[in-house]
file protein_27.txt (compact mmCIF, C-alpha atoms)
# COMPACT_ATOMS: atom_id res chain seq x y z
CA MET A 10 114.89 53.07 169.29
CA VAL A 11 114.92 55.40 172.26
CA LYS A 12 115.78 53.83 175.59
CA THR A 13 114.40 55.39 178.74
CA ARG A 14 114.75 55.17 182.50
CA SER A 15 112.19 52.38 182.55
CA ASP A 16 114.43 50.47 180.13
CA ALA A 17 117.37 50.97 182.49
CA LEU A 18 115.30 49.65 185.39
CA PHE A 19 114.21 46.68 183.26
CA HIS A 20 117.87 45.99 182.40
CA LEU A 21 118.80 46.05 186.08
CA VAL A 22 115.96 43.67 187.02
CA LEU A 23 116.98 41.26 184.25
CA LEU A 24 120.62 41.53 185.29
CA ALA A 25 119.69 40.70 188.89
CA LEU A 26 117.67 37.69 187.69
CA ALA A 27 120.56 36.50 185.51
CA GLY A 28 122.90 36.84 188.50
CA TRP A 29 120.50 34.87 190.68
CA PHE A 30 120.19 32.13 188.02
CA LEU A 31 123.97 31.99 187.70
CA GLN A 32 124.36 31.69 191.47
CA GLU A 33 121.77 28.88 191.52
CA ALA A 34 123.55 27.12 188.63
CA TRP A 35 126.74 26.99 190.69
CA ASN A 36 124.79 25.05 193.32
CA LEU A 37 123.82 22.27 190.89
CA PRO A 38 125.54 18.93 191.59
CA ALA A 39 128.48 17.62 189.61
CA ASN A 40 127.89 15.09 186.86
CA ALA A 41 127.13 11.71 188.42
CA ALA A 42 126.61 9.86 185.12
CA GLY A 43 130.20 10.29 183.98
CA GLY A 44 129.35 12.32 180.86
CA SER A 45 131.43 15.12 179.48
CA LEU A 46 129.08 17.97 180.45
CA SER A 47 127.76 18.57 183.94
CA PRO A 48 124.08 19.39 184.50
CA ALA A 49 125.15 22.92 185.42
CA PHE A 50 126.85 23.63 182.08
CA PHE A 51 123.84 25.00 180.17
CA PRO A 52 122.35 27.03 183.04
CA ARG A 53 125.77 28.59 183.70
CA ALA A 54 126.39 29.29 180.02
CA ILE A 55 122.95 30.76 179.37
CA SER A 56 122.83 32.94 182.49
CA SER A 57 126.39 34.14 181.83
CA ALA A 58 125.53 35.00 178.23
CA ILE A 59 122.40 36.86 179.30
CA ALA A 60 124.33 38.84 181.92
CA ILE A 61 127.08 39.74 179.45
CA LEU A 62 124.60 40.81 176.75
CA LEU A 63 122.64 42.89 179.26
CA LEU A 64 125.82 44.62 180.43
CA ILE A 65 126.79 45.34 176.82
CA SER A 66 123.32 46.78 176.13
CA MET A 67 123.47 48.93 179.25
CA VAL A 68 126.95 50.25 178.45
CA ARG A 69 125.93 51.06 174.86
CA GLY A 70 122.87 52.92 176.14
CA LEU A 71 124.93 54.86 178.67
CA ILE A 72 127.56 55.77 176.06
CA ALA A 73 124.88 56.94 173.63
CA GLY A 74 123.25 58.91 176.43
CA THR A 75 119.81 57.45 175.77
CA LEU A 76 119.49 54.90 178.55
CA LEU A 77 118.61 57.41 181.26
CA ALA A 78 116.55 59.75 179.08
CA SER A 79 113.15 60.85 180.35
CA ASP A 80 110.15 58.65 179.58
CA ALA A 81 108.20 61.31 177.70
CA SER A 82 107.90 60.19 174.10
CA ASP A 83 105.35 60.34 171.34
CA ASP A 84 105.44 56.55 170.86
CA ALA A 85 104.14 55.90 174.37
CA ALA A 86 101.23 58.26 173.76
CA THR A 87 100.15 56.54 170.52
CA THR A 88 100.45 52.95 171.74
CA PRO A 89 97.19 51.79 173.31
CA GLY A 90 97.41 50.40 176.84
CA TRP A 91 95.91 47.06 175.84
CA VAL A 92 98.76 46.15 173.46
CA PRO A 93 101.22 44.94 176.16
CA VAL A 94 98.45 43.03 177.94
CA VAL A 95 97.45 41.25 174.72
CA GLY A 96 101.12 40.56 173.98
CA TRP A 97 101.85 38.98 177.37
CA CYS A 98 98.62 36.97 177.37
CA GLY A 99 99.30 35.86 173.80
CA VAL A 100 102.80 34.66 174.65
CA ALA A 101 101.51 32.81 177.72
CA LEU A 102 98.82 31.14 175.60
CA LEU A 103 101.39 30.22 172.95
CA LEU A 104 103.63 28.65 175.62
CA VAL A 105 100.73 26.50 176.82
CA LEU A 106 99.92 25.55 173.22
CA TYR A 107 103.59 24.72 172.60
CA ALA A 108 103.77 22.46 175.66
CA THR A 109 100.55 20.76 174.59
CA LEU A 110 101.65 20.16 170.99
CA LEU A 111 105.26 19.16 171.69
CA GLU A 112 104.59 15.42 172.05
CA PRO A 113 101.93 14.97 169.33
CA LEU A 114 103.65 17.10 166.66
CA GLY A 115 107.29 16.53 167.58
CA TYR A 116 109.96 19.09 168.37
CA VAL A 117 110.61 20.54 164.93
CA ILE A 118 107.01 21.25 163.93
CA SER A 119 105.87 22.52 167.32
CA THR A 120 108.94 24.73 167.75
CA ALA A 121 108.66 26.18 164.24
CA LEU A 122 104.96 26.88 164.84
CA PHE A 123 105.70 28.50 168.21
CA LEU A 124 108.46 30.72 166.80
CA PHE A 125 106.35 31.74 163.82
CA LEU A 126 103.27 32.61 165.88
CA CYS A 127 105.24 34.40 168.61
CA VAL A 128 107.20 36.64 166.24
CA ALA A 129 104.14 37.23 164.05
CA MET A 130 102.05 38.28 167.05
CA VAL A 131 104.72 40.68 168.32
CA SER A 132 105.19 42.09 164.80
CA VAL A 133 101.48 42.68 164.33
CA LEU A 134 101.11 44.30 167.75
CA SER A 135 104.12 46.59 167.27
CA ARG A 136 103.44 47.78 163.71
CA GLN A 137 102.42 51.34 163.04
CA THR A 138 98.92 52.20 161.88
CA GLY A 139 98.64 52.01 158.12
CA GLU A 140 101.71 49.81 157.82
CA ARG A 141 101.01 46.78 155.64
CA ILE A 142 102.20 43.24 156.24
CA ALA A 143 104.21 42.10 153.23
CA ILE A 144 103.85 38.49 152.07
CA GLY A 145 107.63 38.33 151.61
CA ARG A 146 108.16 39.04 155.29
CA VAL A 147 105.68 36.34 156.25
CA LEU A 148 107.50 33.83 154.03
CA MET A 149 110.88 34.88 155.48
CA LEU A 150 109.48 34.44 158.99
CA ALA A 151 108.23 30.96 158.08
CA LEU A 152 111.64 30.07 156.63
CA PHE A 153 113.43 31.51 159.68
CA SER A 154 111.19 29.52 162.05
CA ALA A 155 111.78 26.28 160.17
CA VAL A 156 115.55 26.74 159.89
CA VAL A 157 115.98 27.69 163.55
CA SER A 158 113.89 24.76 164.82
CA VAL A 159 115.73 22.25 162.59
CA ALA A 160 119.12 23.71 163.59
CA ILE A 161 118.32 23.52 167.30
CA PHE A 162 117.01 19.97 166.85
CA LEU A 163 120.21 18.89 165.08
CA ILE A 164 122.47 20.59 167.62
CA PHE A 165 120.81 18.86 170.55
CA SER A 166 119.95 15.49 169.01
CA VAL A 167 123.09 14.91 166.95
CA GLY A 168 125.62 17.12 168.72
CA PHE A 169 124.66 16.49 172.33
CA GLU A 170 122.76 13.22 171.80
CA ILE A 171 119.70 14.47 173.67
CA VAL A 172 116.46 12.73 172.76
CA LEU A 173 113.76 15.16 171.66
CA PRO A 174 110.17 14.25 170.75
CA THR A 175 109.93 13.33 167.08
CA ILE A 176 107.50 12.13 164.45
CA GLY A 177 109.18 10.35 161.57
CA VAL A 178 112.37 11.87 160.21
CA MET A 179 113.74 14.72 162.38
CA GLY A 180 110.44 15.32 164.16
CA VAL A 181 108.67 16.20 160.94

call {"tool": "encode", "arguments": {"input": "protein_27.txt", "output": "structure tokens"}}
result
Amino acid sequence: MVKTRSDALFHLVLLALAGWFLQEAWNLPANAAGGSLSPAFFPRAISSAIAILLLISMVRGLIAGTLLASDASDDAATTPGWVPVVGWCGVALLLVLYATLLEPLGYVISTALFLFLCVAMVSVLSRQTGERIAIGRVLMLALFSAVVSVAIFLIFSVGFEIVLPTIGVMGV
């Protein structure tokens, strides 16, 4: 994957946003309920992780010499202009669908469905012409979506004792 100047600019914008989120997380109040974790723990952890991963990605791109390469590439010429628009609109629609289905379907089913549809849409939009979609990959994506949603559910419901919307056993 070739990284360009626009990727470097995107990294910098994301890094600035992560820094802003981290600064805002430091302004969150201390824990008033007497629990072990403060309300600022997750925002601080997530924004710190994002900033660290972005810095690592930027350094790797600079070391490889590809991060500041010119934007002229054959891939940009063959990708139609409507693909990013459809991708962004599709993700926005999936987020609305996810928020709508979270209560009726429960966390596990709605999250697995969201992950599956999001990754499938991005995969279909980014595939090369003539490239076929293998049934094995679809099954692996379904398994991945199910495992990730169950794992996240267990981490938050059992580990952190956070109540998530469920239907029956484990939101299934």

call {"tool": "closest_residue", "arguments": {"input": "protein_27.txt", "among": "A:Leu110, A:Leu150, A:Cys127, A:Ala58", "to": "Cys98 of chain A", "atoms": "all atoms listed in the file"}}
result
A:Cys127

call {"tool": "atom_distance", "arguments": {"input": "protein_27.txt", "atom1": "atom CA of Ala151 of chain A", "atom2": "atom CA of Val133 of chain A"}}
result
14.9 Å

call {"tool": "residues_around", "arguments": {"input": "protein_27.txt", "residues": "segment 111-123 of chain A", "least_positions_apart": "3", "cutoff": "8 Å", "atoms": "only C-alpha atoms", "output": "PyMOL selection string"}}
result
chain A and resi 103-104+107-108+126-127+151+154-155+157-159+162+173-176+179-181

call {"tool": "write_last_selection", "arguments": {"input": "protein_27.txt", "atoms": "C-alpha atoms", "output": "CSV table (one decimal), in the coordinates of the input"}}
result
chain,number,residue,atom,x,y,z
A,103,LEU,CA,101.4,30.2,173.0
A,104,LEU,CA,103.6,28.6,175.6
A,107,TYR,CA,103.6,24.7,172.6
A,108,ALA,CA,103.8,22.5,175.7
A,126,LEU,CA,103.3,32.6,165.9
A,127,CYS,CA,105.2,34.4,168.6
A,151,ALA,CA,108.2,31.0,158.1
A,154,SER,CA,111.2,29.5,162.0
A,155,ALA,CA,111.8,26.3,160.2
A,157,VAL,CA,116.0,27.7,163.6
A,158,SER,CA,113.9,24.8,164.8
A,159,VAL,CA,115.7,22.2,162.6
A,162,PHE,CA,117.0,20.0,166.8
A,173,LEU,CA,113.8,15.2,171.7
A,174,PRO,CA,110.2,14.2,170.8
A,175,THR,CA,109.9,13.3,167.1
A,176,ILE,CA,107.5,12.1,164.4
A,179,MET,CA,113.7,14.7,162.4
A,180,GLY,CA,110.4,15.3,164.2
A,181,VAL,CA,108.7,16.2,160.9

call {"tool": "closest_residue", "arguments": {"input": "protein_27.txt", "among": "A:Leu63, A:Met130, A:Leu37, A:Ile144", "to": "Pro93 of chain A", "atoms": "only C-alpha atoms"}}
result
A:Met130

call {"tool": "atom_distance", "arguments": {"input": "protein_27.txt", "atom1": "atom CA of Asn36 of chain A", "atom2": "atom CA of Phe169 of chain A"}}
result
22.7 Å

call {"tool": "axis_aligned_box", "arguments": {"input": "protein_27.txt", "around": "segment 102-121 of chain A", "padding_each_side": "5 Å", "output": "AutoDock Vina command-line options"}}
result
--center_x 104.7 --center_y 23.1 --center_z 170.4 --size_x 21.8 --size_y 26.2 --size_z 22.9

call {"tool": "atom_distance", "arguments": {"input": "protein_27.txt", "atom1": "atom CA of Ile59 of chain A", "atom2": "atom CA of Ile164 of chain A"}}
result
20.0 Å

call {"tool": "residues_around", "arguments": {"input": "protein_27.txt", "residues": "Ile55 of chain A", "least_positions_apart": "3", "cutoff": "12 Å", "atoms": "all atoms listed in the file", "output": "count of residues only"}}
result
14
